[in-house]
Amino acid sequence: MHYRLRQLLATALLAIAIAGCGDDGGESVILATTTSTQDSGLLDELIPAFERDSGFRVKTIAVGSGEAIELGARGEADVVLAHSPAAEEELIAAGKAGERRTVMHNDFVIVGPAADPAKVHDADPADALARIADAKAPFVSRGDESGTHTFELALWDDAGREPGGGWYQESGQGMGATLQIANDKGAYTISDRGTFLATESARDLEVAVEGGAELLNVYHVIDIAADAGERVNADGGKALADWLVSPAAQDVIETFGVEEFGEPLFVPDAAKTDEQIRAAG
Amino acid sequence: MDVLWDAVVEAFRLLLSGDGETWEIIGRSLRISLTATALALVLGLPISAALAFGRFPGRRFALALVNTGMGVPPVVAGLVIIVLLWRSGPLGALGLLYTQTAMVIAQTAIALPLVAGFSTAALQQVDPDFRLQMQALGAGRLRSLWTVAVEARLPLLAAGMAGFGAVISEVGAALMVGGNIAGQTRVLTTAAVLEASKGAFALALALGVILLVIAFAVNLVLTAVQQHGRA
Amino acid sequence: MTAPPALLGLRGIAVHVGDRAILELEHLTIEPGETLAILGANGAGKSTLLRVAGGLRRPTRGRLSLHGRAATPAQLREASAAVLQRPLLRRGSVRTNVETGLRFKRVPAPERRQRTAQWLQRLGLESLADQAAHSLSGGEAQRVSLARALALAPQLLLLDEPFGALDSPTRAELLADLRDILATSGTAALLVTHDRHEAAATADRTAILHSGTLRQIGPTPTVLDHPADADCARLLGFDNILSPHVASRLLGRETDHAVAVRATDCRLDSDGGGAGAVERILPFGAFTRAIVRIDDTRIFSDTPASSPEWLTAFEPGTRVDVHINLSAARTLP
């Protein structure tokens, strides 16, 4: 009886080992980032280059901005790439992180149907949202505490409006899906320019409001301190952070998207401060 | 409706053109889910034998637990495994989070109640005196149990097919525990979810169609084996 | 001079389920080569006894021995092979089924094939050898079950009412085959049955089990014809158990014991004074049963198939006397 039991256990362990064969590679670095960063496709270019150069194996976990930072805070990730300034600052304040460095920026745009029922074309961003709320024009929100969603909520604040009611809908999904919903319903929404350009199913929407420092979307990389949790790969996290602000990475960022969309999706910003970026934007 | 037709066309285009990424994902999906199903069978058969033939206090309670386990949402299973495997968890030292191994573990946990529950019913369908008769012909305890299992091989294979169907199609656990990392832990279901969230619904559907085709192929083979034993 | 030890010995056996005693047996032996029938009604504990003897069920207490030495259940299973009530065949051909036990014992392939072929032939199954076991009739299936057990060449063959579910002609045929096989193979056999004719046809000794206890055991002809008590008598087909008072009256002599007599040994006579009256007539085709009431007692009388005249003469209400064949009457101790 025991003999058979041991046979079974041995088979089980062997099976697990075989299945896990796809898992080997270098030492792992866990990068927590946002879905919009992932969806843009930029990481698909950057990460393999880093892996080649460094020998590390990167596990990119794309979740909402809030969750990415939370993972970093708990030491479940080694490096965080996000675009949620307020939450990032909290992370630094809590002492869990090494450095917070600027990597790149792009901008948000307010998009909507060509007919522009709320007449927001070329308005001030906060003003535009006020007009949308007053006109009760359909608006689709991410509704998922992502960086984009947090930005949107801050903008409602600036507009002095509390969004809610039948015209305001929360998709709870990623940017691509949210754009498709807005497209189908002829609604307004806020999107980062990169995703908007890349999403075919948003073809009936047009950019209504763009430009200006208020719509800047800055990405920072934060490497996590070794004492943030057990088993943090601080060296690996720092290596990736260092690499992202290095000329090699910044060159890739500068040209990403030009071929496909005619314009770059991001602007590389390593070593600039936030003020400098704002002044330029 | 065009989307559906486009999806089917796209699915076969991806399959037949030998698209590297697609076939990599297919291979990974099959490897993970078939391993999990096999493990569930290996672990589930002794459990179901104990539940079918054992006489111990709380047997019925245990059986009810197993049957309830069939309805546990894969997401919940994934969450439990995550809490065990993440760095600050009890098994964090194994460094298994976001690996295929972790996905196998999660899917085995999902398939196990299904396989064990159906296998118990399969074994109980055999005449209760059958095992006794085998022992009366010289079979030991384990050998006679094995003979009962062989006798019940049709419904037992069905239990396996049920387990496979459940795990090849689940997304909740695979997503949470694997992280949907390209080239590492992305499988058909998590890839479909990713494409859907990006708004690329036709591609997401195409992946779904591919999943159905693959699952059908596997079940065709298993059914052939099962029905061959129908002497 | 000591006799050679029995093949199988059971001592102080008791089987309890909850607080109910299903079986209680002080002492029982089976000699090498003999066929022992266990006769009893349903629920008498016969199957339990068979399973204990075959090491298939642990008794609550008691000791079993093989050839005089203490035996574990595993050893008992090794020495015996069973044919249970239902054929319980596996998926596969008849041949595969007959091989089952030989495979369990890891008998090498050439010997296994030879022994299987031998027993297929012996039980007339050659033409069915490659047929699917599940397509067989009841009788054919039990033949396979028998061949399967015999192929193991066991020291003791256990048969649990093997022919109970079969129709009479099939049962008779199989009984005859079994008797021949047992006579020539030297295998001992424990045959559990509720049918005394099966015991009469095959067994050297017969034991009667009633409510879990052994009431009587001895050479088959003796036991079958001389019941030890009223329960045994009923089991053995003695339809009438007469109280001492009624017995004295009908036998024409005083006795203070109960008397058992078969219905076939009671003849009706309507010419005399008529101590009793016919209550009912039950025609059974081959014979007719009359139920006669004498005082408080019912007496059964069987007559070979009767003519319409007989039926009229003995119609219900007729006053009759019952004449008992004295040599067939058995006094119960």
# chains A, B, ... in the order shown; residues from 1 in each chain; ligands from 1
>>> interface_residues(of="chain C", to="chain B", cutoff="6 Å", atoms="only C-alpha atoms", output="count of residues only")
6
>>> residues_around(residues="Gly179 of chain B", least_positions_apart="4", cutoff="10 Å", atoms="only C-alpha atoms", output="list in words")
Lys59, Thr60, Ile61, Ala62 and Val63 of chain A; Leu97, Tyr98, Thr99, Gln100, Met103, Ala173, Ala174, Leu175, Gln184, Thr185, Arg186 and Thr190 of chain B
>>> write_last_selection(atoms="C-alpha atoms", output="short mmCIF file (atom, residue, chain, number, x, y, z; two decimals), in the first residue's frame")
data_model
loop_
_atom_site.label_atom_id
_atom_site.label_comp_id
_atom_site.auth_asym_id
_atom_site.auth_seq_id
_atom_site.Cartn_x
_atom_site.Cartn_y
_atom_site.Cartn_z
CA LYS A 59 8.10 39.03 -15.22
CA THR A 60 5.87 41.90 -16.27
CA ILE A 61 2.68 42.01 -14.26
CA ALA A 62 0.21 44.45 -15.78
CA VAL A 63 -2.47 45.49 -13.34
CA LEU B 97 4.43 32.90 -8.36
CA TYR B 98 3.99 33.88 -12.02
CA THR B 99 5.33 30.56 -13.23
CA GLN B 100 3.81 27.73 -15.22
CA MET B 103 -0.57 27.50 -12.93
CA ALA B 173 -6.77 31.24 -11.79
CA ALA B 174 -4.44 31.26 -14.81
CA LEU B 175 -4.56 35.05 -14.90
CA GLN B 184 6.14 32.74 -20.13
CA THR B 185 2.69 32.27 -18.71
CA ARG B 186 0.31 33.45 -21.38
CA THR B 190 -5.61 34.82 -20.68
#
>>> select_by_dssp(residues="segment 5-203 of chain B", states="helix (DSSP H, G or I)", output="short mmCIF file (atom, residue, chain, number, x, y, z; two decimals) with C-alpha atoms, in the first residue's frame")
data_model
loop_
_atom_site.label_atom_id
_atom_site.label_comp_id
_atom_site.auth_asym_id
_atom_site.auth_seq_id
_atom_site.Cartn_x
_atom_site.Cartn_y
_atom_site.Cartn_z
CA TRP B 5 -17.28 35.17 -38.97
CA ASP B 6 -14.10 37.25 -38.91
CA ALA B 7 -13.11 35.47 -35.73
CA VAL B 8 -13.52 32.03 -37.25
CA VAL B 9 -11.55 33.02 -40.33
CA GLU B 10 -8.83 34.62 -38.23
CA ALA B 11 -8.67 31.54 -36.02
CA PHE B 12 -7.97 29.19 -38.89
CA ARG B 13 -5.57 31.64 -40.46
CA LEU B 14 -3.55 31.76 -37.26
CA LEU B 15 -3.59 27.99 -36.95
CA LEU B 16 -2.73 27.13 -40.51
CA GLY B 20 4.80 31.14 -33.97
CA GLU B 21 3.26 33.08 -31.13
CA THR B 22 -0.10 31.37 -31.50
CA TRP B 23 1.34 27.88 -31.52
CA GLU B 24 3.58 28.74 -28.57
CA ILE B 25 0.50 29.73 -26.59
CA ILE B 26 -1.38 26.62 -27.73
CA GLY B 27 1.48 24.38 -26.67
CA ARG B 28 1.72 26.05 -23.31
CA SER B 29 -2.04 25.86 -22.70
CA LEU B 30 -2.06 22.15 -23.50
CA ARG B 31 1.02 21.38 -21.46
CA ILE B 32 -0.33 23.11 -18.38
CA SER B 33 -3.90 21.82 -18.59
CA LEU B 34 -3.03 18.24 -19.55
CA THR B 35 -0.51 18.04 -16.72
CA ALA B 36 -3.04 19.42 -14.27
CA THR B 37 -5.65 16.91 -15.46
CA ALA B 38 -3.21 14.02 -15.18
CA LEU B 39 -2.24 15.10 -11.68
CA ALA B 40 -5.88 15.44 -10.71
CA LEU B 41 -6.47 11.87 -11.92
CA VAL B 42 -3.44 10.50 -10.09
CA LEU B 43 -4.44 12.20 -6.86
CA GLY B 44 -8.17 11.90 -7.36
CA LEU B 45 -8.40 8.15 -7.88
CA PRO B 46 -7.11 7.18 -4.41
CA ILE B 47 -9.35 9.85 -2.88
CA SER B 48 -12.38 8.58 -4.76
CA ALA B 49 -11.55 4.99 -3.83
CA ALA B 50 -11.51 6.00 -0.17
CA LEU B 51 -14.79 7.87 -0.56
CA ALA B 52 -16.44 5.07 -2.53
CA PHE B 53 -15.33 2.08 -0.48
CA ARG B 59 -17.29 10.02 4.92
CA ARG B 60 -20.50 11.58 3.71
CA PHE B 61 -19.35 14.98 4.91
CA ALA B 62 -16.11 14.57 2.99
CA LEU B 63 -18.01 13.55 -0.12
CA ALA B 64 -20.24 16.60 0.19
CA LEU B 65 -17.13 18.75 0.49
CA VAL B 66 -15.67 17.25 -2.66
CA ASN B 67 -18.89 17.80 -4.57
CA THR B 68 -19.03 21.40 -3.34
CA GLY B 69 -15.47 21.86 -4.49
CA PRO B 74 -11.41 29.35 -10.49
CA VAL B 75 -10.72 32.94 -9.45
CA VAL B 76 -11.13 31.95 -5.82
CA ALA B 77 -8.83 28.99 -6.26
CA GLY B 78 -6.32 31.35 -7.89
CA LEU B 79 -6.53 33.81 -5.01
CA VAL B 80 -5.89 31.10 -2.45
CA ILE B 81 -2.87 29.83 -4.37
CA ILE B 82 -1.55 33.39 -4.73
CA VAL B 83 -1.73 34.00 -1.01
CA LEU B 84 0.24 30.82 -0.48
CA LEU B 85 2.83 31.49 -3.14
CA GLY B 92 7.12 32.21 -0.92
CA ALA B 93 10.59 30.76 -0.68
CA LEU B 94 9.75 28.49 -3.60
CA GLN B 100 3.81 27.73 -15.22
CA THR B 101 4.32 25.46 -12.23
CA ALA B 102 2.05 27.69 -10.19
CA MET B 103 -0.57 27.50 -12.93
CA VAL B 104 -0.39 23.72 -12.91
CA ILE B 105 -0.89 23.72 -9.16
CA ALA B 106 -3.88 26.06 -9.38
CA GLN B 107 -5.49 24.08 -12.21
CA THR B 108 -4.92 20.79 -10.42
CA ALA B 109 -6.73 22.27 -7.43
CA ILE B 110 -9.62 23.20 -9.71
CA ALA B 111 -9.81 19.86 -11.48
CA LEU B 112 -9.33 17.68 -8.43
CA PRO B 113 -12.82 18.00 -6.90
CA LEU B 114 -14.38 17.38 -10.32
CA VAL B 115 -12.31 14.31 -11.00
CA ALA B 116 -12.66 12.94 -7.48
CA GLY B 117 -16.40 13.56 -7.33
CA PHE B 118 -17.19 11.95 -10.67
CA SER B 119 -14.76 9.10 -10.05
CA THR B 120 -16.43 8.28 -6.75
CA ALA B 121 -19.77 8.00 -8.51
CA ALA B 122 -18.14 5.90 -11.24
CA LEU B 123 -16.66 3.45 -8.75
CA GLN B 124 -19.90 3.21 -6.83
CA PRO B 128 -20.54 -3.76 -4.53
CA ASP B 129 -19.85 -7.50 -4.46
CA PHE B 130 -17.58 -7.21 -7.48
CA ARG B 131 -14.56 -6.25 -5.41
CA LEU B 132 -15.28 -9.07 -2.99
CA GLN B 133 -15.43 -11.57 -5.84
CA MET B 134 -12.06 -10.37 -7.14
CA GLN B 135 -10.61 -10.82 -3.68
CA ARG B 141 -6.75 -5.04 -1.49
CA LEU B 142 -5.06 -2.70 -3.96
CA ARG B 143 -5.28 -5.06 -6.91
CA SER B 144 -8.98 -5.56 -6.37
CA LEU B 145 -9.45 -1.77 -6.21
CA TRP B 146 -7.58 -1.42 -9.47
CA THR B 147 -9.78 -4.06 -11.06
CA VAL B 148 -12.87 -2.13 -10.02
CA ALA B 149 -11.37 1.02 -11.58
CA VAL B 150 -10.67 -0.83 -14.82
CA GLU B 151 -14.22 -2.08 -14.80
CA ARG B 153 -13.08 2.89 -17.02
CA LEU B 154 -15.79 4.48 -19.14
CA PRO B 155 -17.15 6.82 -16.48
CA LEU B 156 -13.64 7.32 -15.09
CA LEU B 157 -12.41 8.63 -18.43
CA ALA B 158 -15.45 10.87 -18.49
CA ALA B 159 -14.32 12.24 -15.13
CA GLY B 160 -10.95 13.00 -16.67
CA MET B 161 -12.57 14.73 -19.64
CA ALA B 162 -14.66 16.83 -17.27
CA GLY B 163 -11.54 17.89 -15.40
CA PHE B 164 -9.71 18.76 -18.62
CA GLY B 165 -12.66 20.73 -19.93
CA ALA B 166 -12.78 22.75 -16.75
CA VAL B 167 -9.12 23.72 -16.68
CA ILE B 168 -8.40 24.31 -20.36
CA GLY B 172 -9.46 33.34 -13.39
CA ALA B 173 -6.77 31.24 -11.79
CA ALA B 174 -4.44 31.26 -14.81
CA LEU B 175 -4.56 35.05 -14.90
CA MET B 176 -3.95 35.62 -11.22
CA VAL B 177 -1.38 32.98 -10.62
CA GLY B 178 0.46 33.20 -13.93
CA LEU B 188 -5.21 30.87 -24.77
CA THR B 189 -7.74 32.08 -22.22
CA THR B 190 -5.61 34.82 -20.68
CA ALA B 191 -4.52 35.99 -24.13
CA ALA B 192 -8.18 36.23 -25.14
CA VAL B 193 -8.96 38.31 -22.07
CA LEU B 194 -6.04 40.62 -22.82
CA GLU B 195 -7.15 41.17 -26.40
CA ALA B 196 -10.70 41.79 -25.27
CA SER B 197 -9.61 44.41 -22.76
CA PHE B 201 -12.67 41.58 -29.97
CA ALA B 202 -12.25 39.71 -33.23
CA LEU B 203 -8.82 38.46 -32.18
#
>>> select_by_dssp(residues="segment 53-244 of chain A", states="strand (DSSP E)", output="PyMOL selection string")
chain A and resi 57-63+79-82+97-113+139-141+168-170+189-192+205-209+216-224
>>> write_last_selection(atoms="C-alpha atoms", output="PDB file, in the first residue's frame")
ATOM      1  CA  ARG A  57      14.401  37.419 -16.647  1.00  0.00           C
ATOM      2  CA  VAL A  58      11.605  39.946 -16.273  1.00  0.00           C
ATOM      3  CA  LYS A  59       8.096  39.033 -15.218  1.00  0.00           C
ATOM      4  CA  THR A  60       5.865  41.896 -16.271  1.00  0.00           C
ATOM      5  CA  ILE A  61       2.684  42.010 -14.259  1.00  0.00           C
ATOM      6  CA  ALA A  62       0.208  44.452 -15.776  1.00  0.00           C
ATOM      7  CA  VAL A  63      -2.466  45.495 -13.338  1.00  0.00           C
ATOM      8  CA  VAL A  79      10.301  47.602  -9.558  1.00  0.00           C
ATOM      9  CA  VAL A  80       7.225  49.633 -10.415  1.00  0.00           C
ATOM     10  CA  LEU A  81       6.529  51.601 -13.592  1.00  0.00           C
ATOM     11  CA  ALA A  82       3.442  53.749 -13.052  1.00  0.00           C
ATOM     12  CA  ALA A  97      11.340  52.461  -2.287  1.00  0.00           C
ATOM     13  CA  GLY A  98      14.759  53.337  -3.568  1.00  0.00           C
ATOM     14  CA  GLU A  99      14.597  56.077  -6.146  1.00  0.00           C
ATOM     15  CA  ARG A 100      11.751  57.505  -8.150  1.00  0.00           C
ATOM     16  CA  ARG A 101      12.894  58.574 -11.593  1.00  0.00           C
ATOM     17  CA  THR A 102      11.130  59.977 -14.612  1.00  0.00           C
ATOM     18  CA  VAL A 103      11.152  57.732 -17.661  1.00  0.00           C
ATOM     19  CA  MET A 104       8.836  59.297 -20.236  1.00  0.00           C
ATOM     20  CA  HIS A 105       5.587  61.049 -20.679  1.00  0.00           C
ATOM     21  CA  ASN A 106       2.711  61.133 -23.045  1.00  0.00           C
ATOM     22  CA  ASP A 107      -0.514  62.955 -22.786  1.00  0.00           C
ATOM     23  CA  PHE A 108      -4.130  62.326 -22.158  1.00  0.00           C
ATOM     24  CA  VAL A 109      -6.729  63.434 -24.623  1.00  0.00           C
ATOM     25  CA  ILE A 110     -10.437  63.926 -24.233  1.00  0.00           C
ATOM     26  CA  VAL A 111     -12.111  62.145 -27.127  1.00  0.00           C
ATOM     27  CA  GLY A 112     -15.685  62.121 -28.179  1.00  0.00           C
ATOM     28  CA  PRO A 113     -18.146  61.758 -31.064  1.00  0.00           C
ATOM     29  CA  PHE A 139     -19.297  59.715 -20.766  1.00  0.00           C
ATOM     30  CA  VAL A 140     -17.487  56.440 -20.204  1.00  0.00           C
ATOM     31  CA  SER A 141     -15.038  56.153 -17.327  1.00  0.00           C
ATOM     32  CA  TYR A 168     -21.869  58.602 -16.643  1.00  0.00           C
ATOM     33  CA  GLN A 169     -20.886  54.955 -17.067  1.00  0.00           C
ATOM     34  CA  GLU A 170     -18.012  53.032 -15.559  1.00  0.00           C
ATOM     35  CA  THR A 189     -13.959  59.521 -22.589  1.00  0.00           C
ATOM     36  CA  ILE A 190     -10.466  60.302 -21.468  1.00  0.00           C
ATOM     37  CA  SER A 191      -7.659  58.210 -22.913  1.00  0.00           C
ATOM     38  CA  ASP A 192      -3.897  58.340 -23.179  1.00  0.00           C
ATOM     39  CA  LEU A 205     -14.185  59.106 -32.003  1.00  0.00           C
ATOM     40  CA  GLU A 206     -12.193  62.272 -32.467  1.00  0.00           C
ATOM     41  CA  VAL A 207      -9.799  64.191 -30.250  1.00  0.00           C
ATOM     42  CA  ALA A 208     -11.830  67.009 -28.695  1.00  0.00           C
ATOM     43  CA  VAL A 209      -9.372  68.434 -26.209  1.00  0.00           C
ATOM     44  CA  LEU A 216       0.431  65.530 -19.214  1.00  0.00           C
ATOM     45  CA  ASN A 217       0.817  61.921 -18.197  1.00  0.00           C
ATOM     46  CA  VAL A 218       4.241  61.305 -16.729  1.00  0.00           C
ATOM     47  CA  TYR A 219       5.647  57.827 -16.127  1.00  0.00           C
ATOM     48  CA  HIS A 220       8.042  57.159 -13.289  1.00  0.00           C
ATOM     49  CA  VAL A 221      10.049  54.084 -12.441  1.00  0.00           C
ATOM     50  CA  ILE A 222      10.515  53.217  -8.777  1.00  0.00           C
ATOM     51  CA  ASP A 223      12.868  50.494  -7.653  1.00  0.00           C
ATOM     52  CA  ILE A 224      11.753  48.822  -4.456  1.00  0.00           C
TER      53      ILE A 224
END
